[in-house]
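Asker: Next up is a structure, given as C-alpha cells.
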There are 2 protein chains.
Amino acid sequence: MAPEAITFRGRQDGEEYEELEQIRRYEDFTTIDWIQESIAERNRRIREERARSACRGPRGEITPAWVWSQFQRLLSAGESAFVMTLVGVIIGINAALISIVTKWLSDIKMGYCADGWWLNQQFCCWEVDSDEEFCSSWHPWSTVTAARWLLYVIFAGVFAFVAAHLVRTMAKYAAGSGISEIKCILAGFVMQGFLSFSTLVIKSITLPLVIASGLSVGKEGPSVHVACCIGTVVANWFQKFSRSQGKMREVITAASAAGVAVAFGSPIGGVLFSIEEMNHIFRIKTMWRSFVCALVATFTLSVMNPFRTGKLVLFQVTYSRSWHFFEIIFWVILGIFGGLYGAFVVKLNMQAAAFRRKHLANHGVAEAVVLAVLTAMVGYFNRFLRIDMTEMMSILFRECEGGGDYNNLCQQSVQWSMVNSLLLATIIRMGFLVISYGSKVPAGIFVPSMAIGASFGRMVGIIVKAIYLTNQQSGIFSSCDPDLPCITPGTYALLGAAAALSGVMRITVTVVVIMFELTGALTYILPTMIVILVTKAVGDFIGTRGIAEETIRFNGYPILEQEDHSLDVAVSEVMKKDLTVLYASGMRVQDVGK
Amino acid sequence: MAPEAITFRGRQDGEEYEELEQIRRYEDFTTIDWIQESIAERNRRIREERARSACRGPRGEITPAWVWSQFQRLLSAGESAFVMTLVGVIIGINAALISIVTKWLSDIKMGYCADGWWLNQQFCCWEVDSDEEFCSSWHPWSTVTAARWLLYVIFAGVFAFVAAHLVRTMAKYAAGSGISEIKCILAGFVMQGFLSFSTLVIKSITLPLVIASGLSVGKEGPSVHVACCIGTVVANWFQKFSRSQGKMREVITAASAAGVAVAFGSPIGGVLFSIEEMNHIFRIKTMWRSFVCALVATFTLSVMNPFRTGKLVLFQVTYSRSWHFFEIIFWVILGIFGGLYGAFVVKLNMQAAAFRRKHLANHGVAEAVVLAVLTAMVGYFNRFLRIDMTEMMSILFRECEGGGDYNNLCQQSVQWSMVNSLLLATIIRMGFLVISYGSKVPAGIFVPSMAIGASFGRMVGIIVKAIYLTNQQSGIFSSCDPDLPCITPGTYALLGAAAALSGVMRITVTVVVIMFELTGALTYILPTMIVILVTKAVGDFIGTRGIAEETIRFNGYPILEQEDHSLDVAVSEVMKKDLTVLYASGMRVQDVGK
C-alpha cells in the first residue's frame, strides 16, 4: 500500500481513537433502544389487561372476579401515582433541609447565636421586633471590621474546601449543575452512577456549603440534579420502573419538574421547565406526571415551612402602579441586554471550561477555594454583593413606597452612587460567574443570572427615573400622572432578571411563569413577555445556544440534535480522487515502494 | 354464490356505504402527507440557504454579496415573525370589537342611553359616581317589572333568531365551538371552508348576538375558532405559508393560543392551551410561535382597552388571607364535583347531540330561539342567572371584606337562602348548558362551566363557613385565628370554577395558569392544583374523555387516537369458519340454490 494511503488511514484512526477516548470516560456506554422499550411496555400492559379481563356476570351482576380485577386496575394505576407522590414528598423534605442548613451556614459567617449554636440569625432574633436594630442574642464574631472581613473570607474558603474535597473524593458526578447530563439521560443515554444514591447524598450535603461560601453560583441547577437522583433511587425500589428504562425516564422528567418547583417555590414553572428545557419531544402524559410530582413536592415544602414565614414565594412584590406604553423603549434595552448577556456568558464560560480542562484538571479543590476566597474578598465591599443573592433580588424588586428603601436605594440624592454600585455589582458578579460556573462543586447558573439581570435592570430603572424627573414636561412622559411617581425602578429589576435568565438558558415561557410565580406581579406579564421576545430575537440573531446545550457539546455527550444535517455536498467532493492503487499485474516491487 | 355469502357481502357494502356517507359530508376529504410536507419544506430551506451562501471575501472582508445574503437571512426570519405579529394584531383588534359589541347588546336588553344610542350602560353613566344608585341618562325600557321581563325575553329571542339565521344561510361552519374541528385540522385533516373568510365574518358578527341573548354558552371556544380563521386568512396572503399545509398548521396553532389569550386576557394560558389541548405532539418551535402570537394579540387588546378600565384581567381578586391545611377536605369535595360534572355534562350533551341530529336537523333556527327564550324566561328570576356569567363570577370570587357583599351574599342571616339560590343556579345552568351547547349558533363551553363551578363552589364555601361558625371550638378548626374570619367562601368559588373547567375539558396545567392569570390569586396555586388533581383522578376513573374529543368521535371526524389498538384477539376468531362453498365439480344446480 502506498504511504499516503496509510497516512490517510492513520489519520482516520487517530480521530476515531480520540472519539473512543471521549466515550471511554463513561464506564457504561449504552443508549436506550426506544422501540424495544415501547414493545416491552406494550406487552406488559397487554399481559396485565388480559390478567384482569374478568367481566361482570352474564346478567351484568357483580362477580368476585370482576371486583378483584377492578381492584387490580386501581392498584396498578395507584402504583405510578404512589411512586410520584413518594418522590415528591422526599424531594420536598430534602429541599427544606437544604434550605435550613444553607441559611444557618450563611449566617454563621457573620456571627453566632448565644441562645443556641443551631439557631440562625432569623430564629435567634425571632422574639425581637424587626424594627429594632439590635438583637442581643446574636453576636457578630468581632467588633473590628478588618477581623470581621477576615473571618468572612476564611469561612468562605473553608466551606469551599470541604465541599470540593467531598465531591472529589466521594462523588465526582456531584460537581456542576447536572442539567446538561440529565438532558442526555432523558434523551436515552445511560450514565451509570450519575443519578446514584451517593451522588444524591454528597450533592445534598455540599450544596449548602457552596451556597454559603458565597461563590457566584446558584442552587437551582443542582437542586434539579438532586431531585432526579431522588426520583431514580426511589423508582428503583419498584419493579415496574426498575425494569423499564423508558418508565424511568418519565420519573426523571417528573422529578426535574419537582426540583425546579421546590428551588423557586414555583410548581407550574417546574412543569414548564421539564417540558421546555429537559425534553426534546414531549407527551401530555409526561406533563401530568410532572404536575403531580411538582405539586406534591411544593406542598411538602409548604407543610415543612422551613422559614416559618408561611411564604412559598421567594420575593413576593406588589406593584401599586401599572406600566406605561412609553416604557417599551426601556424594556427593549433590557431585552437586548439579556440576549447579549447570554451570548457573552455562554461563550466566555466555554473558554473558561476549556482552560480548566487543560490546566486545572487536577486542582479542582484548590480552584474552588481560591475562587471562594477571591469572591468573598471582593464581594464584601459592595453592598449588593455582600448579601445573599436572593435577598439582594428581593430588595431590588421592591417598590420604593412602603419600606422598600434599603440602604437609601430610593434616595434621589445618592442615585448616581447607587448606579455605580449596581453597575459594579453587575460586572463583578458576571466575571465571577463566568469563572465559577463549571468548577468542581455543585453550581447552578439560574439565580446568579437573575441577580445580574436584576442589578442591571435596577440600574436602568434608576436612570430612567432620573431622566423622567429632569424632563417631566417632555412629550414621551405625557401619560404620567404628575402627582404620582411615574417610574418604578423595581419593575425594571424584575424584567432585567427575566431577560438574563432567558438569555443564558434560552427558555421563554418557563421564565415568564417562574417570574410570575416568584413575585406575583400579575400586571407585569405582558412586559415580561415583551422583554423575553427581544432577548430571544437577539439570541437567535447572534446564534447563541443555551448554556446546557453548549456544555453537552463541550463535554461530547451523545445527544441527537434537532438540526438538519444535510450538508448539500456531492459525495464526489468528499471522496479522495487521486488514489494510489496497486494494479493486479504489471507492477514491480520497487513500484510498490513509492 | 350462496345467499348467505351475498348477504354478508351486502352487509359489508352497507357499512362501507355509511362510512362513505360520513365522509362525503366534507366536500374535500384529504389529509396532509406529513412526510411529503417535511421533505418539501426541507428542500425549500436548502434552496434558500444555497441562494444566500455567499461568504465573506478571501481575507474575511465584508463583500456586497455577503451583506445581501445577511439581509435576505434577516428578511426570511422576519417574514414568519411579521406574519405572526400581523395575525396577533388582527386577532386583538377583532377581540376588542367583539367585546364592545357584546357589552352594548347585553345592556340594550335592559334599557337605552339617552345621550346616544351607541353607548352602553357603563359609558352612558361614565360621569356618574359608581356609589350613586341613579344614572339619569340611562333609561330602562319600562318601569313595570312584567313589561321589562317581556322585553328582556323578546330581545333574547330576536338576538338568537338573527344569529341562527345568519349562520344557517351564510356560513354553516360558524356554528358550535369549533375546537374539535380545529383539533382535527391540526392533526392533518383538510376541511375546505372551515377556516374561511366568510366563517370568520359570520362568526364574529353572530358571537356577540349569541352571548347577549343570554344562552348558556360562552365565547371562548368560538373566539379560538375566529382566531384560527384570522390566522389562515392572513397566512394565505404569503406564499411561504399558502404553499405549505405544514407551515399553515403552525400558524393555526399559534392563532389558537392567541384566541384563548384574548378571550381570557391570559397570554400564557393561551400558549399552554395550544400545547395541552390542540396538539397531540408538540414541538418547542411551535410553542415559541404561540408565545409571540398570544403576546401580540393580548398587547393589542390592552392598547385598544375596550372597557377603559386598563384591566386585562377579567376578575382580579386579592385575598387578604391564606388557606389552612384542614380545608383540603373541602377542596377534595370540589375536585370530585369537577370530575362528576365533567362526566355528566359530556355524557348528556352527547345524548342531546344525538337527539338533535335525529329530530332537529332542519330546525336549527327555531331551536336556538326557543332555547334563548326559555333561558331568558327562567333565568330572569334567579339573581345569579340574570346577570352576565363573567360578572357573576367576579362577584362570587370576591372576599366579603371591602365591598364584596353583592346582594347580601355575605350576610349570615340569609345564608341558607343564598345556598338555595346558588344550588338552583348551578342546576338550572347545567341543564341549559347540556341542551344549548351544540345548537346551531356559535357556542363555547369554557365560561358556562366555570360559572357552574363557581356557583357550586361558593355554595360549598358558604356551607363550610356556616359549619365553622357553629363549631368554632372543634379540633379541625384549631388552626383558625379566633379574631379573624377563617373561611373565605370566594376562594371556594375560584376552586370550583377551576374544577369544573378541568372536568369538562380534561386539561390540567392550562387551567391552573388560566385561573391564576384571571384572578392573580398567587397563594391559591397549590389549592388549585390539588383540586385539579382530584378532578383528573375522578375523571380518569370514570373514563370520561374531554368534550372536544367526544364531539370528534360523535361527528366521525378522522383523527388518529393515542390509544393502543391491539385487541389481542386471534385472527381465527374474527374470521367466518363455516363458509358456504361451491365445489369445482360434483355439484348440481339445485345445490347451488341453497
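Identifiers in this document derive from the order of the C-alpha cells: chains are assigned A, B, ..., residues are numbered from 1 separately in each chain, and ligands are numbered from 1 in order of occurrence.
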Within segment 359-520 of chain A, find each residue whose DSSP state, derived from the backbone, is helix (DSSP H, G or I), and express the selection as a PyMOL selection string.
Answerer: chain A and resi 359+364-379+383-386+389-397+406-408+412-436+446-470+475-477+489-505+509-519
Asker: I'd like the neighbourhood of segment 264-279 of chain B as number ranges by chain, where a residue qualifies if any of its atoms comes within 7 Å (using only C-alpha atoms), though same-chain residues fewer than 3 positions away should be ignored.
Answerer: A: 284; B: 183, 186, 253, 256-258, 260-261, 282, 287, 290-291, 294-295, 298, 312-314, 507, 510, 513-514, 517-518
Asker: Quick one: pull the distance between atom CA of Ile547 of chain B and atom CA of Val504 of chain B, Å, one decimal.
Answerer: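 Atom CA of Val504 of chain B lies 6.1 Å from atom CA of Ile547 of chain B.
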Asker: Could you name the residues that touch segment 208-224 of chain A at 7 Å or less, counting only C-alpha atoms, but leaving out those on the same chain fewer than 6 positions away, as a ChimeraX atom specification?
Answerer: /A:98,101-102,105-106,156-157,159-160,163,177-179,256,259-260,263,372,375-376,429,432-433,436-437,442-448
Asker: Would you mind exporting the chosen residues as a short mmCIF file (atom, residue, chain, number, x, y, z; two decimals), in the first residue's frame, restricted to N, CA, C and O atoms?
Answerer:
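Now in out_8.cif:
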data_model
loop_
_atom_site.label_atom_id
_atom_site.label_comp_id
_atom_site.auth_asym_id
_atom_site.auth_seq_id
_atom_site.Cartn_x
_atom_site.Cartn_y
_atom_site.Cartn_z
N ILE A 98 -32.16 21.29 52.99
CA ILE A 98 -31.08 22.05 52.35
C ILE A 98 -31.24 23.54 52.63
O ILE A 98 -30.28 24.23 52.96
N VAL A 101 -30.23 24.35 56.32
CA VAL A 101 -28.79 24.28 56.53
C VAL A 101 -28.09 25.45 55.83
O VAL A 101 -27.17 26.07 56.39
N THR A 102 -28.54 25.76 54.62
CA THR A 102 -27.91 26.86 53.88
C THR A 102 -28.02 28.17 54.65
O THR A 102 -27.05 28.92 54.78
N LEU A 105 -25.67 28.16 57.66
CA LEU A 105 -24.26 28.29 57.26
C LEU A 105 -23.95 29.71 56.79
O LEU A 105 -22.88 30.26 57.07
N SER A 106 -24.90 30.32 56.07
CA SER A 106 -24.68 31.68 55.59
C SER A 106 -24.55 32.64 56.75
O SER A 106 -23.71 33.56 56.74
N ALA A 156 -15.54 31.40 54.08
CA ALA A 156 -15.84 31.09 52.67
C ALA A 156 -14.87 30.05 52.15
O ALA A 156 -15.27 29.07 51.50
N GLY A 157 -13.57 30.25 52.46
CA GLY A 157 -12.56 29.31 51.98
C GLY A 157 -12.78 27.92 52.54
O GLY A 157 -12.70 26.92 51.83
N PHE A 159 -15.54 26.53 53.75
CA PHE A 159 -16.73 25.91 53.17
C PHE A 159 -16.42 25.35 51.78
O PHE A 159 -16.79 24.21 51.46
N ALA A 160 -15.78 26.17 50.97
CA ALA A 160 -15.48 25.74 49.60
C ALA A 160 -14.56 24.52 49.62
O ALA A 160 -14.73 23.59 48.84
N ALA A 163 -16.51 21.37 50.63
CA ALA A 163 -17.40 20.95 49.55
C ALA A 163 -16.61 20.31 48.42
O ALA A 163 -16.94 19.20 47.97
N SER A 177 -23.73 21.64 37.48
CA SER A 177 -25.17 21.80 37.68
C SER A 177 -25.90 20.49 37.39
O SER A 177 -26.88 20.15 38.03
N GLY A 178 -25.41 19.73 36.42
CA GLY A 178 -26.04 18.44 36.13
C GLY A 178 -27.16 18.50 35.13
O GLY A 178 -27.63 17.46 34.67
N ILE A 179 -27.59 19.70 34.77
CA ILE A 179 -28.75 19.78 33.87
C ILE A 179 -28.42 19.23 32.48
O ILE A 179 -29.21 18.51 31.89
N SER A 256 -37.44 16.24 37.71
CA SER A 256 -36.80 17.51 37.35
C SER A 256 -37.78 18.66 37.53
O SER A 256 -37.40 19.76 37.95
N GLY A 259 -37.86 19.42 41.10
CA GLY A 259 -36.63 20.09 41.52
C GLY A 259 -36.72 21.59 41.32
O GLY A 259 -36.40 22.38 42.22
N VAL A 260 -37.18 22.01 40.14
CA VAL A 260 -37.34 23.45 39.91
C VAL A 260 -38.43 24.01 40.81
O VAL A 260 -38.31 25.12 41.35
N ALA A 263 -37.07 24.56 44.23
CA ALA A 263 -35.99 25.55 44.26
C ALA A 263 -36.56 26.95 44.21
O ALA A 263 -36.07 27.86 44.89
N ALA A 372 -13.60 30.98 45.94
CA ALA A 372 -14.44 31.40 47.05
C ALA A 372 -13.78 32.54 47.83
O ALA A 372 -14.43 33.53 48.18
N THR A 375 -13.91 35.72 45.74
CA THR A 375 -15.26 36.27 45.70
C THR A 375 -15.59 36.95 47.02
O THR A 375 -16.16 38.06 47.04
N ALA A 376 -15.23 36.30 48.13
CA ALA A 376 -15.54 36.88 49.43
C ALA A 376 -14.75 38.16 49.66
O ALA A 376 -15.28 39.16 50.16
N ARG A 429 -20.03 40.42 39.39
CA ARG A 429 -20.70 39.13 39.52
C ARG A 429 -20.63 38.35 38.22
O ARG A 429 -20.48 37.13 38.21
N PHE A 432 -17.18 36.78 37.99
CA PHE A 432 -17.06 35.62 38.87
C PHE A 432 -17.91 34.45 38.38
O PHE A 432 -17.51 33.29 38.48
N LEU A 433 -19.10 34.77 37.85
CA LEU A 433 -19.96 33.70 37.37
C LEU A 433 -19.28 32.94 36.24
O LEU A 433 -19.27 31.70 36.22
N SER A 436 -16.62 30.80 37.78
CA SER A 436 -17.04 29.86 38.84
C SER A 436 -17.93 28.75 38.32
O SER A 436 -17.84 27.62 38.78
N TYR A 437 -18.82 29.07 37.37
CA TYR A 437 -19.77 28.06 36.90
C TYR A 437 -18.99 27.00 36.14
O TYR A 437 -18.33 27.30 35.14
N PRO A 442 -20.96 21.66 43.36
CA PRO A 442 -22.31 21.85 42.84
C PRO A 442 -22.56 23.32 42.53
O PRO A 442 -22.27 24.18 43.37
N ALA A 443 -23.01 23.61 41.33
CA ALA A 443 -23.12 25.01 40.94
C ALA A 443 -24.19 25.20 39.89
O ALA A 443 -24.15 24.54 38.86
N GLY A 444 -25.11 26.10 40.15
CA GLY A 444 -26.14 26.42 39.17
C GLY A 444 -25.96 27.81 38.61
O GLY A 444 -25.19 28.61 39.15
N ILE A 445 -26.64 28.09 37.53
CA ILE A 445 -26.47 29.39 36.87
C ILE A 445 -27.75 30.20 36.87
O ILE A 445 -27.76 31.36 36.46
N PHE A 446 -28.84 29.63 37.36
CA PHE A 446 -30.13 30.33 37.32
C PHE A 446 -30.10 31.61 38.14
O PHE A 446 -30.30 32.71 37.62
N VAL A 447 -29.90 31.43 39.45
CA VAL A 447 -30.06 32.58 40.34
C VAL A 447 -28.97 33.63 40.11
O VAL A 447 -29.28 34.83 40.09
N PRO A 448 -27.69 33.25 39.91
CA PRO A 448 -26.71 34.30 39.61
C PRO A 448 -27.12 35.10 38.38
O PRO A 448 -27.00 36.34 38.38
#
Asker: Enter the distance from atom CA of Ala171 of chain A to atom CA of Cys184 of chain A, in Å, rounded to one decimal.
Answerer: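 Interatomic distance here is 19.3 Å.
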Asker: Smallest atom-to-atom distance to Val378 of chain A: which of A:Ala499, A:Leu424, A:Leu97, A:Val346, using only C-alpha atoms?
Answerer: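 Ranking A:Ala499, A:Leu424, A:Leu97, A:Val346 by distance to Val378 of chain A, first place goes to A:Leu424.
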Asker: Mind pulling up the distance from atom CA of Phe344 of chain A to atom CA of Asn420 of chain A?
Answerer: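 Value for the atom CA of Asn420 of chain A-atom CA of Phe344 of chain A distance: 21.5 Å.
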